[in-house]
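Participant: Take a look at model_3.cif, mmCIF, C-alpha atoms and all ligand atoms:
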data_target
loop_
_atom_site.group_PDB
_atom_site.id
_atom_site.type_symbol
_atom_site.label_atom_id
_atom_site.label_comp_id
_atom_site.auth_asym_id
_atom_site.auth_seq_id
_atom_site.Cartn_x
_atom_site.Cartn_y
_atom_site.Cartn_z
ATOM 1 C CA MET A 1 -31.483 -14.000 -7.138
ATOM 2 C CA THR A 2 -27.806 -13.535 -6.183
ATOM 3 C CA GLU A 3 -25.686 -12.440 -9.120
ATOM 4 C CA ARG A 4 -22.864 -14.846 -9.907
ATOM 5 C CA TYR A 5 -19.382 -13.809 -11.060
ATOM 6 C CA ASP A 6 -16.459 -15.728 -12.496
ATOM 7 C CA VAL A 7 -14.223 -14.134 -9.878
ATOM 8 C CA VAL A 8 -14.899 -12.045 -6.775
ATOM 9 C CA ILE A 9 -11.847 -10.111 -5.577
ATOM 10 C CA ILE A 10 -11.787 -8.956 -1.987
ATOM 11 C CA GLY A 11 -9.880 -5.684 -1.581
ATOM 12 C CA GLY A 12 -9.058 -3.066 -4.179
ATOM 13 C CA GLY A 13 -5.450 -2.147 -3.348
ATOM 14 C CA PRO A 14 -2.733 -2.673 -5.990
ATOM 15 C CA ALA A 15 -3.038 -6.492 -5.747
ATOM 16 C CA GLY A 16 -6.835 -6.547 -6.138
ATOM 17 C CA ALA A 17 -6.917 -3.813 -8.769
ATOM 18 C CA GLY A 18 -4.097 -5.491 -10.711
ATOM 19 C CA ALA A 19 -5.788 -8.895 -10.644
ATOM 20 C CA SER A 20 -9.150 -7.415 -11.657
ATOM 21 C CA TYR A 21 -7.523 -5.506 -14.526
ATOM 22 C CA GLU A 22 -5.905 -8.652 -15.947
ATOM 23 C CA LEU A 23 -8.978 -10.857 -15.464
ATOM 24 C CA ALA A 24 -11.431 -8.334 -16.927
ATOM 25 C CA ASP A 25 -9.040 -7.805 -19.836
ATOM 26 C CA ALA A 26 -9.106 -11.583 -20.447
ATOM 27 C CA GLY A 27 -12.924 -11.496 -20.577
ATOM 28 C CA ALA A 28 -13.836 -12.724 -17.084
ATOM 29 C CA LYS A 29 -16.848 -11.356 -15.214
ATOM 30 C CA VAL A 30 -15.167 -9.796 -12.194
ATOM 31 C CA LEU A 31 -16.395 -8.060 -9.052
ATOM 32 C CA VAL A 32 -14.066 -6.141 -6.717
ATOM 33 C CA ILE A 33 -15.433 -5.613 -3.213
ATOM 34 C CA GLU A 34 -13.724 -2.763 -1.354
ATOM 35 C CA LYS A 35 -14.617 -1.577 2.138
ATOM 36 C CA ALA A 36 -13.417 2.005 1.586
ATOM 37 C CA LYS A 37 -14.470 4.639 -0.932
ATOM 38 C CA TYR A 38 -11.927 5.878 -3.486
ATOM 39 C CA PRO A 39 -9.855 7.944 -3.280
ATOM 40 C CA ARG A 40 -8.943 6.504 0.109
ATOM 41 C CA PRO A 41 -5.904 7.258 2.298
ATOM 42 C CA LYS A 42 -3.218 4.562 2.527
ATOM 43 C CA LEU A 43 -0.264 4.510 4.891
ATOM 44 C CA CYS A 44 2.599 3.872 2.480
ATOM 45 C CA ALA A 45 5.763 5.681 1.405
ATOM 46 C CA GLY A 46 4.771 5.044 -2.212
ATOM 47 C CA CYS A 47 8.109 3.941 -3.683
ATOM 48 C CA ILE A 48 7.481 1.504 -6.527
ATOM 49 C CA SER A 49 9.814 -0.074 -9.040
ATOM 50 C CA LYS A 50 10.212 1.455 -12.465
ATOM 51 C CA ARG A 51 8.871 -1.746 -14.038
ATOM 52 C CA SER A 52 5.433 -1.050 -12.487
ATOM 53 C CA VAL A 53 5.386 2.373 -14.094
ATOM 54 C CA ASP A 54 6.182 0.931 -17.504
ATOM 55 C CA LEU A 55 2.774 -0.811 -17.312
ATOM 56 C CA PHE A 56 0.941 2.521 -16.931
ATOM 57 C CA PRO A 57 3.157 5.279 -18.345
ATOM 58 C CA ALA A 58 0.356 7.864 -18.105
ATOM 59 C CA PHE A 59 0.296 7.854 -14.327
ATOM 60 C CA SER A 60 1.456 10.959 -12.433
ATOM 61 C CA ILE A 61 4.846 10.426 -10.820
ATOM 62 C CA LYS A 62 5.906 12.554 -7.854
ATOM 63 C CA ASN A 63 9.653 11.821 -7.972
ATOM 64 C CA SER A 64 12.109 9.859 -10.036
ATOM 65 C CA ILE A 65 14.490 7.857 -7.829
ATOM 66 C CA LYS A 66 18.101 7.184 -8.755
ATOM 67 C CA GLY A 67 19.491 5.971 -5.496
ATOM 68 C CA GLY A 68 18.952 4.965 -1.932
ATOM 69 C CA ILE A 69 20.611 4.960 1.429
ATOM 70 C CA LEU A 70 20.234 1.988 3.733
ATOM 71 C CA GLY A 71 20.969 3.101 7.258
ATOM 72 C CA PHE A 72 21.833 0.608 9.993
ATOM 73 C CA LYS A 73 22.636 1.780 13.523
ATOM 74 C CA GLY A 74 24.525 4.902 12.485
ATOM 75 C CA GLN A 75 26.202 3.415 9.395
ATOM 76 C CA GLU A 76 25.021 4.295 5.923
ATOM 77 C CA PHE A 77 25.251 2.165 2.803
ATOM 78 C CA VAL A 78 24.711 4.231 -0.310
ATOM 79 C CA GLU A 79 23.656 2.889 -3.691
ATOM 80 C CA LYS A 80 23.486 5.326 -6.599
ATOM 81 C CA VAL A 81 22.590 4.603 -10.209
ATOM 82 C CA SER A 82 22.591 6.921 -13.174
ATOM 83 C CA ASP A 83 19.158 5.881 -14.477
ATOM 84 C CA GLU A 84 15.761 5.975 -12.852
ATOM 85 C CA CYS A 85 15.260 2.724 -10.905
ATOM 86 C CA ALA A 86 12.105 3.552 -8.946
ATOM 87 C CA VAL A 87 9.484 6.250 -8.636
ATOM 88 C CA ILE A 88 7.422 7.802 -5.886
ATOM 89 C CA VAL A 89 3.654 7.826 -6.203
ATOM 90 C CA ASP A 90 0.868 9.046 -3.976
ATOM 91 C CA ARG A 91 -0.931 5.841 -2.969
ATOM 92 C CA GLU A 92 -4.268 7.607 -2.618
ATOM 93 C CA GLU A 93 -4.052 8.691 -6.266
ATOM 94 C CA PHE A 94 -2.276 5.545 -7.477
ATOM 95 C CA ASP A 95 -4.810 3.044 -6.096
ATOM 96 C CA HIS A 96 -7.684 5.130 -7.437
ATOM 97 C CA PHE A 97 -6.014 5.239 -10.842
ATOM 98 C CA LEU A 98 -5.436 1.452 -10.900
ATOM 99 C CA ILE A 99 -9.014 0.560 -10.008
ATOM 100 C CA SER A 100 -10.387 2.997 -12.583
ATOM 101 C CA LYS A 101 -8.207 1.281 -15.230
ATOM 102 C CA ALA A 102 -9.698 -2.083 -14.173
ATOM 103 C CA GLN A 103 -13.197 -0.592 -14.455
ATOM 104 C CA GLU A 104 -12.376 0.614 -17.962
ATOM 105 C CA LYS A 105 -11.598 -3.022 -18.797
ATOM 106 C CA GLY A 106 -15.037 -4.030 -17.497
ATOM 107 C CA ALA A 107 -14.423 -4.986 -13.855
ATOM 108 C CA HIS A 108 -17.345 -4.215 -11.530
ATOM 109 C CA LEU A 109 -16.563 -2.332 -8.322
ATOM 110 C CA LEU A 110 -18.555 -2.311 -5.116
ATOM 111 C CA GLU A 111 -17.230 0.294 -2.668
ATOM 112 C CA GLU A 112 -18.054 0.842 1.008
ATOM 113 C CA THR A 113 -18.805 -2.850 1.362
ATOM 114 C CA THR A 114 -17.055 -5.005 3.950
ATOM 115 C CA VAL A 115 -16.534 -8.723 3.481
ATOM 116 C CA LYS A 116 -17.321 -10.610 6.678
ATOM 117 C CA GLU A 117 -16.775 -14.225 5.708
ATOM 118 C CA ILE A 118 -16.302 -16.614 2.813
ATOM 119 C CA GLU A 119 -18.168 -19.863 2.541
ATOM 120 C CA LEU A 120 -16.797 -22.602 0.308
ATOM 121 C CA THR A 121 -19.143 -25.262 -1.050
ATOM 122 C CA PRO A 122 -18.305 -27.909 -3.672
ATOM 123 C CA THR A 123 -20.082 -25.876 -6.369
ATOM 124 C CA VAL A 124 -19.768 -22.208 -5.419
ATOM 125 C CA ARG A 125 -17.818 -19.685 -3.327
ATOM 126 C CA LYS A 126 -20.100 -17.411 -1.285
ATOM 127 C CA VAL A 127 -18.747 -14.025 -0.246
ATOM 128 C CA ILE A 128 -20.750 -12.697 2.677
ATOM 129 C CA THR A 129 -20.686 -8.919 3.096
ATOM 130 C CA ASP A 130 -22.538 -6.254 5.071
ATOM 131 C CA LYS A 131 -24.466 -5.496 1.859
ATOM 132 C CA GLY A 132 -25.456 -9.031 0.879
ATOM 133 C CA VAL A 133 -24.038 -12.271 -0.481
ATOM 134 C CA PHE A 134 -22.107 -12.590 -3.761
ATOM 135 C CA GLU A 135 -21.347 -15.857 -5.523
ATOM 136 C CA ALA A 136 -18.381 -16.779 -7.682
ATOM 137 C CA ASP A 137 -16.472 -19.651 -9.212
ATOM 138 C CA TYR A 138 -13.259 -18.242 -7.745
ATOM 139 C CA VAL A 139 -12.377 -15.848 -4.942
ATOM 140 C CA ILE A 140 -9.157 -13.843 -4.705
ATOM 141 C CA GLY A 141 -8.229 -12.527 -1.291
ATOM 142 C CA ALA A 142 -6.403 -9.220 -1.798
ATOM 143 C CA ASP A 143 -7.549 -7.694 1.462
ATOM 144 C CA GLY A 144 -4.172 -6.842 2.943
ATOM 145 C CA TYR A 145 -2.493 -7.513 6.261
ATOM 146 C CA HIS A 146 -5.566 -8.281 8.376
ATOM 147 C CA SER A 147 -7.122 -10.379 5.639
ATOM 148 C CA VAL A 148 -10.612 -11.718 6.288
ATOM 149 C CA THR A 149 -10.032 -14.190 3.456
ATOM 150 C CA ARG A 150 -7.026 -15.630 5.264
ATOM 151 C CA LYS A 151 -8.956 -15.927 8.529
ATOM 152 C CA SER A 152 -12.010 -17.339 6.807
ATOM 153 C CA ILE A 153 -10.337 -19.906 4.573
ATOM 154 C CA ALA A 154 -6.705 -20.539 5.414
ATOM 155 C CA CYS A 155 -5.992 -20.155 9.127
ATOM 156 C CA LYS A 156 -9.054 -19.396 11.190
ATOM 157 C CA SER A 157 -7.274 -19.088 14.529
ATOM 158 C CA ALA A 158 -4.270 -16.982 13.560
ATOM 159 C CA SER A 159 -4.258 -13.407 14.741
ATOM 160 C CA ARG A 160 -1.581 -10.989 13.580
ATOM 161 C CA LYS A 161 0.239 -8.246 15.407
ATOM 162 C CA PHE A 162 -0.669 -4.652 14.742
ATOM 163 C CA PHE A 163 2.000 -2.543 13.111
ATOM 164 C CA ILE A 164 2.032 0.992 14.466
ATOM 165 C CA ALA A 165 3.467 3.901 12.535
ATOM 166 C CA ILE A 166 3.901 7.659 12.468
ATOM 167 C CA GLU A 167 4.031 9.316 9.087
ATOM 168 C CA VAL A 168 4.309 13.045 8.413
ATOM 169 C CA LYS A 169 4.595 15.055 5.243
ATOM 170 C CA VAL A 170 6.839 18.089 5.539
ATOM 171 C CA PRO A 171 7.179 20.785 2.840
ATOM 172 C CA LYS A 172 10.478 20.150 1.041
ATOM 173 C CA ASP A 173 11.505 23.825 1.418
ATOM 174 C CA MET A 174 12.084 23.122 5.119
ATOM 175 C CA PHE A 175 15.145 21.035 4.238
ATOM 176 C CA LYS A 176 18.561 22.463 3.551
ATOM 177 C CA ASP A 177 20.040 19.541 1.611
ATOM 178 C CA PHE A 178 16.999 18.111 -0.034
ATOM 179 C CA LYS A 179 17.662 15.337 -2.565
ATOM 180 C CA GLU A 180 14.669 14.758 -4.819
ATOM 181 C CA ASP A 181 16.029 11.511 -6.272
ATOM 182 C CA GLU A 182 17.094 9.610 -3.154
ATOM 183 C CA VAL A 183 15.254 7.528 -0.582
ATOM 184 C CA LEU A 184 16.474 6.591 2.883
ATOM 185 C CA ILE A 185 15.448 3.456 4.771
ATOM 186 C CA ASP A 186 16.793 3.162 8.286
ATOM 187 C CA ILE A 187 16.835 -0.200 10.007
ATOM 188 C CA GLY A 188 17.639 -0.392 13.702
ATOM 189 C CA VAL A 189 16.139 2.936 14.770
ATOM 190 C CA VAL A 190 13.294 1.062 16.405
ATOM 191 C CA LYS A 191 12.805 -2.593 17.427
ATOM 192 C CA LYS A 192 11.118 -4.763 14.780
ATOM 193 C CA GLY A 193 10.643 -1.835 12.473
ATOM 194 C CA TYR A 194 12.299 0.883 10.461
ATOM 195 C CA GLY A 195 12.326 4.562 9.665
ATOM 196 C CA TRP A 196 12.176 6.243 6.270
ATOM 197 C CA TYR A 197 12.650 9.505 4.475
ATOM 198 C CA PHE A 198 11.162 9.606 0.997
ATOM 199 C CA PRO A 199 10.787 12.624 -1.281
ATOM 200 C CA GLN A 200 7.208 13.042 -2.496
ATOM 201 C CA GLY A 201 6.598 15.920 -4.889
ATOM 202 C CA GLU A 202 6.491 19.154 -2.914
ATOM 203 C CA PHE A 203 6.830 17.220 0.343
ATOM 204 C CA VAL A 204 9.125 14.859 2.168
ATOM 205 C CA ASN A 205 7.431 11.821 3.657
ATOM 206 C CA ILE A 206 9.099 10.913 6.954
ATOM 207 C CA GLY A 207 7.990 8.012 9.059
ATOM 208 C CA ILE A 208 8.749 5.276 11.490
ATOM 209 C CA ALA A 209 6.959 1.970 12.025
ATOM 210 C CA THR A 210 7.226 -0.968 14.394
ATOM 211 C CA ALA A 211 5.518 -4.208 15.347
ATOM 212 C CA GLU A 212 6.608 -3.732 18.983
ATOM 213 C CA LYS A 213 4.873 -1.755 21.714
ATOM 214 C CA GLU A 214 7.113 1.313 21.746
ATOM 215 C CA ASP A 215 6.981 4.974 22.720
ATOM 216 C CA LEU A 216 6.935 5.774 19.042
ATOM 217 C CA LEU A 217 6.464 9.530 19.297
ATOM 218 C CA ASN A 218 9.653 10.012 21.329
ATOM 219 C CA ILE A 219 11.600 7.595 19.122
ATOM 220 C CA PHE A 220 10.372 9.523 16.088
ATOM 221 C CA LYS A 221 11.486 12.834 17.599
ATOM 222 C CA ALA A 222 14.937 11.397 18.372
ATOM 223 C CA TYR A 223 15.165 9.856 14.912
ATOM 224 C CA THR A 224 14.472 13.092 13.081
ATOM 225 C CA LYS A 225 16.830 14.984 15.414
ATOM 226 C CA ASN A 226 19.699 12.510 14.934
ATOM 227 C CA HIS A 227 19.329 12.683 11.204
ATOM 228 C CA LYS A 228 19.047 16.454 11.276
ATOM 229 C CA LEU A 229 16.070 16.021 9.011
ATOM 230 C CA PHE A 230 14.521 19.200 10.327
ATOM 231 C CA PRO A 231 16.460 22.464 10.152
HETATM 232 C C1 LIG B 301 4.521 2.355 6.678
HETATM 233 C C2 LIG B 301 4.506 1.604 5.381
HETATM 234 C C3 LIG B 301 5.259 2.060 4.294
HETATM 235 C C4 LIG B 301 5.258 1.339 3.095
HETATM 236 N N1 LIG B 301 5.996 1.810 2.042
HETATM 237 C C5 LIG B 301 6.024 1.108 0.877
HETATM 238 C C6 LIG B 301 6.760 1.578 -0.259
HETATM 239 O O1 LIG B 301 7.382 2.641 -0.245
HETATM 240 N N2 LIG B 301 6.746 0.811 -1.385
HETATM 241 C C7 LIG B 301 6.043 -0.374 -1.462
HETATM 242 O O2 LIG B 301 6.071 -1.030 -2.517
HETATM 243 N N3 LIG B 301 5.328 -0.818 -0.406
HETATM 244 C C8 LIG B 301 5.293 -0.118 0.746
HETATM 245 N N4 LIG B 301 4.549 -0.579 1.798
HETATM 246 C C9 LIG B 301 3.813 -1.844 1.642
HETATM 247 C C10 LIG B 301 2.571 -1.627 0.791
HETATM 248 O O3 LIG B 301 1.754 -0.627 1.358
HETATM 249 C C11 LIG B 301 1.790 -2.955 0.685
HETATM 250 O O4 LIG B 301 2.677 -3.978 0.281
HETATM 251 C C12 LIG B 301 0.685 -2.855 -0.334
HETATM 252 O O5 LIG B 301 -0.251 -1.862 0.022
HETATM 253 C C13 LIG B 301 -0.022 -4.204 -0.435
HETATM 254 O O6 LIG B 301 -1.007 -4.084 -1.428
HETATM 255 P P1 LIG B 301 -2.298 -4.996 -1.386
HETATM 256 O O7 LIG B 301 -3.137 -4.637 -2.569
HETATM 257 O O8 LIG B 301 -1.884 -6.412 -1.192
HETATM 258 O O9 LIG B 301 -3.046 -4.600 -0.027
HETATM 259 P P2 LIG B 301 -3.594 -3.186 0.463
HETATM 260 O O10 LIG B 301 -2.966 -2.068 -0.273
HETATM 261 O O11 LIG B 301 -3.503 -3.228 1.945
HETATM 262 O O12 LIG B 301 -5.115 -3.225 0.018
HETATM 263 C C14 LIG B 301 -6.050 -4.028 0.672
HETATM 264 C C15 LIG B 301 -7.418 -3.447 0.380
HETATM 265 O O13 LIG B 301 -8.405 -4.336 0.904
HETATM 266 C C16 LIG B 301 -9.418 -3.583 1.532
HETATM 267 N N5 LIG B 301 -10.021 -4.461 2.545
HETATM 268 C C17 LIG B 301 -9.443 -4.951 3.664
HETATM 269 N N6 LIG B 301 -10.300 -5.748 4.332
HETATM 270 C C18 LIG B 301 -11.451 -5.756 3.610
HETATM 271 C C19 LIG B 301 -12.711 -6.387 3.792
HETATM 272 N N7 LIG B 301 -12.953 -7.185 4.846
HETATM 273 N N8 LIG B 301 -13.678 -6.174 2.872
HETATM 274 C C20 LIG B 301 -13.450 -5.375 1.785
HETATM 275 N N9 LIG B 301 -12.272 -4.746 1.573
HETATM 276 C C21 LIG B 301 -11.282 -4.936 2.473
HETATM 277 C C22 LIG B 301 -8.693 -2.375 2.127
HETATM 278 O O14 LIG B 301 -9.572 -1.281 2.341
HETATM 279 C C23 LIG B 301 -7.656 -2.087 1.041
HETATM 280 O O15 LIG B 301 -8.129 -1.168 0.076
HETATM 281 C C24 LIG B 301 4.502 0.141 2.990
HETATM 282 C C25 LIG B 301 3.727 -0.296 4.071
HETATM 283 C C26 LIG B 301 3.729 0.428 5.252
HETATM 284 C C27 LIG B 301 2.886 -0.067 6.395
#
Reformat the file's structure so that it appears as structure tokens.
Facilitator:
Amino acid sequence: MTERYDVVIIGGGPAGAGASYELADAGAKVLVIEKAKYPRPKLCAGCISKRSVDLFPAFSIKNSIKGGILGFKGQEFVEKVSDECAVIVDREEFDHFLISKAQEKGAHLLEETTVKEIELTPTVRKVITDKGVFEADYVIGADGYHSVTRKSIACKSASRKFFIAIEVKVPKDMFKDFKEDEVLIDIGVVKKGYGWYFPQGEFVNIGIATAEKEDLLNIFKAYTKNHKLFP
């Protein structure tokens, strides 16, 4: 017989892990279905607000951020504060940490399982995966940008553009004027996208992303050269 849950959550990123933590803590029988296996890589610069950290003070922080630069077509707008306003985390570690906290609260986790479709009936929600069918009173779709939940329930026909990105991690010693407490977000370096420069522990995370079809490698090279990010 198919096991029935109060809530099945599709996707175990911060949204899914956060929801499962709260629901399990409130006593619900929760299952998180995640297609990857933790710890899993995640393309993300990892800058999160300080308020998120206050929820889990024990988590390992790579950098404490006290300011940012917003670049726009050669101009720079600088915002500095004296206190920590954000932190940098490693998403691979952070997401693993969050889901393990949810498990400690009693949430069940099924890894390496891909949700294919969701079937809604008047009495039950059926989550169809490559490893079988799971039933629940409620389903939460936390499966990110290319959400199967969205396609299955909300807008069946909608397809979304792919976002392409280049991200590299460079040892911080390679930089002359390295600022451990400052992030840079650069709008206008590429159409429908942005570039970034975020400190991350012993490294600097540099990247560029766009929703357009672009020669991203050459734009990335020009971007890093213009900013003199490399010595
Ligand atoms: C280049 C880049 C840089 C970014 N930098 C930052 C930043 O510095 N700070 C910040 O706050 N945000 C940043 N973001 C955004 C951030 O990554 C997302 O907002 C965040 O990951 C969304 O969390 P989520 O839990 O909703 O989804 P996700 O983190 O995308 O998690 C979705 C999960 O669902 C799983 N999944 C997907 N489909 C299925 C399926 N069919 N079955 C089972 N599991 C499935 C995936 O494996 C994944 O684990 C960045 C994004 C990009 C692209």
Participant: Report as CSV the residues of chain A within 8 Å of ligand LIG 301 (chain B), each with its shortest atom pair and distance in Å (one decimal), using all atoms listed in the file, ordered by chain and increasing residue number.
Facilitator:
residue,atom,partner,partner_atom,distance
A:Ile10,CA,B:LIG301,C20,5.5
A:Gly11,CA,B:LIG301,O13,3.2
A:Gly12,CA,B:LIG301,O15,4.8
A:Gly13,CA,B:LIG301,O7,3.5
A:Pro14,CA,B:LIG301,O7,4.0
A:Ala15,CA,B:LIG301,O7,3.7
A:Gly16,CA,B:LIG301,O7,5.5
A:Ala17,CA,B:LIG301,O7,7.3
A:Ile33,CA,B:LIG301,C20,5.4
A:Glu34,CA,B:LIG301,N9,3.8
A:Lys35,CA,B:LIG301,N9,4.0
A:Ala36,CA,B:LIG301,O14,5.1
A:Arg40,CA,B:LIG301,O15,7.7
A:Lys42,CA,B:LIG301,O10,7.2
A:Leu43,CA,B:LIG301,C1,5.5
A:Cys44,CA,B:LIG301,C3,3.7
A:Ala45,CA,B:LIG301,O1,3.8
A:Gly46,CA,B:LIG301,O1,4.1
A:Cys47,CA,B:LIG301,O1,3.7
A:Ile48,CA,B:LIG301,O2,4.9
A:Ser49,CA,B:LIG301,O2,7.6
A:Ile88,CA,B:LIG301,O1,7.6
A:Asp95,CA,B:LIG301,O10,8.0
A:Glu112,CA,B:LIG301,C20,7.8
A:Thr113,CA,B:LIG301,C20,5.9
A:Thr114,CA,B:LIG301,N8,3.7
A:Val115,CA,B:LIG301,N8,3.9
A:Lys116,CA,B:LIG301,N7,5.8
A:Thr129,CA,B:LIG301,N8,7.5
A:Ala142,CA,B:LIG301,O8,5.4
A:Asp143,CA,B:LIG301,O13,3.5
A:Gly144,CA,B:LIG301,O11,3.8
A:Tyr145,CA,B:LIG301,O11,6.2
A:His146,CA,B:LIG301,N6,6.7
A:Ser147,CA,B:LIG301,N6,5.8
A:Val148,CA,B:LIG301,N7,5.3
A:Thr149,CA,B:LIG301,N7,7.7
A:Phe163,CA,B:LIG301,C27,7.2
A:Ala165,CA,B:LIG301,C1,6.1
A:Ile166,CA,B:LIG301,C1,7.9
A:Glu167,CA,B:LIG301,C1,7.4
A:Gly207,CA,B:LIG301,C1,7.1
A:Ile208,CA,B:LIG301,C1,7.0
A:Ala209,CA,B:LIG301,C1,5.9
Participant: Please write the residues picked by the PyMOL selection byres (((chain A and resi 185-193) around 8) and not hetatm) on this file as number ranges by chain.
Facilitator: A: 68-73, 183-184, 194-197, 208-212, 219, 223
Participant: Got a sec to resolve the PyMOL selection byres (((chain A and resi 21) around 12) and not hetatm) on this structure and send the residues as a PDB file with C-alpha atoms, in the coordinates of the input?
Facilitator:
ATOM      1  CA  VAL A   7     -14.223 -14.134  -9.878  1.00  0.00           C
ATOM      2  CA  ILE A   9     -11.847 -10.111  -5.577  1.00  0.00           C
ATOM      3  CA  GLY A  12      -9.058  -3.066  -4.179  1.00  0.00           C
ATOM      4  CA  GLY A  13      -5.450  -2.147  -3.348  1.00  0.00           C
ATOM      5  CA  PRO A  14      -2.733  -2.673  -5.990  1.00  0.00           C
ATOM      6  CA  ALA A  15      -3.038  -6.492  -5.747  1.00  0.00           C
ATOM      7  CA  GLY A  16      -6.835  -6.547  -6.138  1.00  0.00           C
ATOM      8  CA  ALA A  17      -6.917  -3.813  -8.769  1.00  0.00           C
ATOM      9  CA  GLY A  18      -4.097  -5.491 -10.711  1.00  0.00           C
ATOM     10  CA  ALA A  19      -5.788  -8.895 -10.644  1.00  0.00           C
ATOM     11  CA  SER A  20      -9.150  -7.415 -11.657  1.00  0.00           C
ATOM     12  CA  GLU A  22      -5.905  -8.652 -15.947  1.00  0.00           C
ATOM     13  CA  LEU A  23      -8.978 -10.857 -15.464  1.00  0.00           C
ATOM     14  CA  ALA A  24     -11.431  -8.334 -16.927  1.00  0.00           C
ATOM     15  CA  ASP A  25      -9.040  -7.805 -19.836  1.00  0.00           C
ATOM     16  CA  ALA A  26      -9.106 -11.583 -20.447  1.00  0.00           C
ATOM     17  CA  GLY A  27     -12.924 -11.496 -20.577  1.00  0.00           C
ATOM     18  CA  ALA A  28     -13.836 -12.724 -17.084  1.00  0.00           C
ATOM     19  CA  LYS A  29     -16.848 -11.356 -15.214  1.00  0.00           C
ATOM     20  CA  VAL A  30     -15.167  -9.796 -12.194  1.00  0.00           C
ATOM     21  CA  LEU A  31     -16.395  -8.060  -9.052  1.00  0.00           C
ATOM     22  CA  VAL A  32     -14.066  -6.141  -6.717  1.00  0.00           C
ATOM     23  CA  LEU A  55       2.774  -0.811 -17.312  1.00  0.00           C
ATOM     24  CA  PHE A  56       0.941   2.521 -16.931  1.00  0.00           C
ATOM     25  CA  PHE A  97      -6.014   5.239 -10.842  1.00  0.00           C
ATOM     26  CA  LEU A  98      -5.436   1.452 -10.900  1.00  0.00           C
ATOM     27  CA  ILE A  99      -9.014   0.560 -10.008  1.00  0.00           C
ATOM     28  CA  SER A 100     -10.387   2.997 -12.583  1.00  0.00           C
ATOM     29  CA  LYS A 101      -8.207   1.281 -15.230  1.00  0.00           C
ATOM     30  CA  ALA A 102      -9.698  -2.083 -14.173  1.00  0.00           C
ATOM     31  CA  GLN A 103     -13.197  -0.592 -14.455  1.00  0.00           C
ATOM     32  CA  GLU A 104     -12.376   0.614 -17.962  1.00  0.00           C
ATOM     33  CA  LYS A 105     -11.598  -3.022 -18.797  1.00  0.00           C
ATOM     34  CA  GLY A 106     -15.037  -4.030 -17.497  1.00  0.00           C
ATOM     35  CA  ALA A 107     -14.423  -4.986 -13.855  1.00  0.00           C
ATOM     36  CA  HIS A 108     -17.345  -4.215 -11.530  1.00  0.00           C
ATOM     37  CA  LEU A 109     -16.563  -2.332  -8.322  1.00  0.00           C
TER      38      LEU A 109
END
Participant: Taking all atoms listed in the file into account, name the residue in A:Met174, A:Ala154, A:Val53, A:Leu216 that is nearest to Glu202 (chain A).
Facilitator: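 Result for the nearest residue to Glu202 (chain A): A:Met174.
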Participant: Between CA of Lys169 (chain A) and CA of Val204 (chain A), what is the spacing in Å?
Facilitator: 5.5 Å
Participant: Determine the nearest neighbour of Phe59 (chain A) from the options A:Val87, A:Arg125, A:Lys161, A:Phe203, counting all atoms listed in the file.
Facilitator: A:Val87
Participant: From (17.3, 1.4, -14.9), in the file's coordinates, out to 10 Å: which residues are reached, counting all atoms listed in the file? Answer as an MDAnalysis selection string.
Facilitator: chainID A and resid 49:51 65:66 81:86
Participant: Quick one: residues within 7 Å of Arg4 (chain A), all atoms listed in the file, excluding same-chain residues fewer than 5 positions away - as a count of residues only?
Facilitator: 3
Participant: Quick check, in Å to one decimal: how far apart do CA of Asp215 (chain A) and CA of Phe162 (chain A) lie?
Facilitator: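 Going from CA of Asp215 (chain A) over to CA of Phe162 (chain A) covers 14.7 Å.
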Participant: CA of Lys221 (chain A) to CA of Ile206 (chain A): how many Å, to one decimal?
Facilitator: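 Straight-line distance from CA of Lys221 (chain A) to CA of Ile206 (chain A) works out to 11.1 Å.
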Participant: Considering all atoms listed in the file, state which residue in the set A:Thr2, A:Asn205, A:Ser52, A:Thr121 is at the smallest distance from Asp90 (chain A).
Facilitator: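 Closest to Asp90 (chain A), using all atoms listed in the file: A:Asn205.
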Participant: Ranking A:Ser60, A:Ser152, A:Lys37, A:Asp130 by minimum distance to Gly201 (chain A) and counting only C-alpha atoms, which one comes first?
Facilitator: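 Under the stated criterion, the closest residue is A:Ser60.
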